[in-house]
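Peer 1: The structure is given below, and queries will be raised subsequently.
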Amino acid sequence: MKNTLVCPLSTILVVATVLFTGCTTDKVMLLEPKPMPDSPSVEARASQLFSADPLLKKFKILVNTFQGNVMLDGVVDSEEQRQQATKLVWTIPGVRGVENNLFLPGEKQP
């Protein structure tokens with residue numbers, strides 16, 4: 001009876017020791033924040049992409065940016081164009097979020 005109790009206890013102690021001491025390190029990793037692009041450069045790049053895109057070049061899409069979050073406002077003709085605008089903005093380095101407020105003709109705007 002004593003042998004059967006000692007074996008599971010020693011196994012538990014070994015596993016606990018490995019779990020609690022095997023993953024320690026003396027090194028401290030510091031993560032530096034990525035530099036945030038300035039809003040005018042993101043807005044300018046978005047406007048360039050829209051004017052070069054065959055689906056979007058005829059529309060006036062307003063672009064506002066704050067801390068990497070981009071808001072699109074305006075009216076486009078199709079859902080495909082609305083999605084294309086979002087897709088293009090996500091290609092800009094530093095973009096952290098896109099709020100697409102592009103409406104289709106006839107949609108009720110808030």
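FYI, nothing fancy with the structure tokens labels: chains A, B, ... in order, residues from 1 per chain, ligands from 1 as they appear.
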Residues near region 97-104 of chain A, anyone? I mean within 12 Å using only C-alpha atoms, not counting same-chain ones fewer than 6 positions away, as a VMD selection string.

Peer 2: chain A and resid 42 46 56 59 to 91 110

Peer 1: Can you tell me how far CA of Glu107 (chain A) sits from CA of Leu55 (chain A), in Å to one decimal?

Peer 2: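 Atom-to-atom, CA of Glu107 (chain A) to CA of Leu55 (chain A), that is 19.4 Å.
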
Peer 1: May I ask for the distance between CA of Pro40 (chain A) and CA of Lys58 (chain A), given in Å to one decimal place?

Peer 2: 21.6 Å

Peer 1: Work out how far CA of Gln109 (chain A) is from CA of Ser41 (chain A), in Å to one decimal.

Peer 2: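 Computed distance, CA of Ser41 (chain A) to CA of Gln109 (chain A), equals 28.1 Å.
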
Peer 1: Please determine, counting only C-alpha atoms, which residue among A:Lys57, A:Ala52, A:Lys108, A:Gly94 has the shortest atom-to-atom distance to Ser39 (chain A).

Peer 2: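 With only C-alpha atoms as the atom set, the closest residue is A:Gly94.
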
Peer 1: Could you go through region 27-99 of chain A and tell me which residues DSSP, when run on the backbone, assigns to strand (DSSP E or B), listing them as a count of residues only?

Peer 2: 15
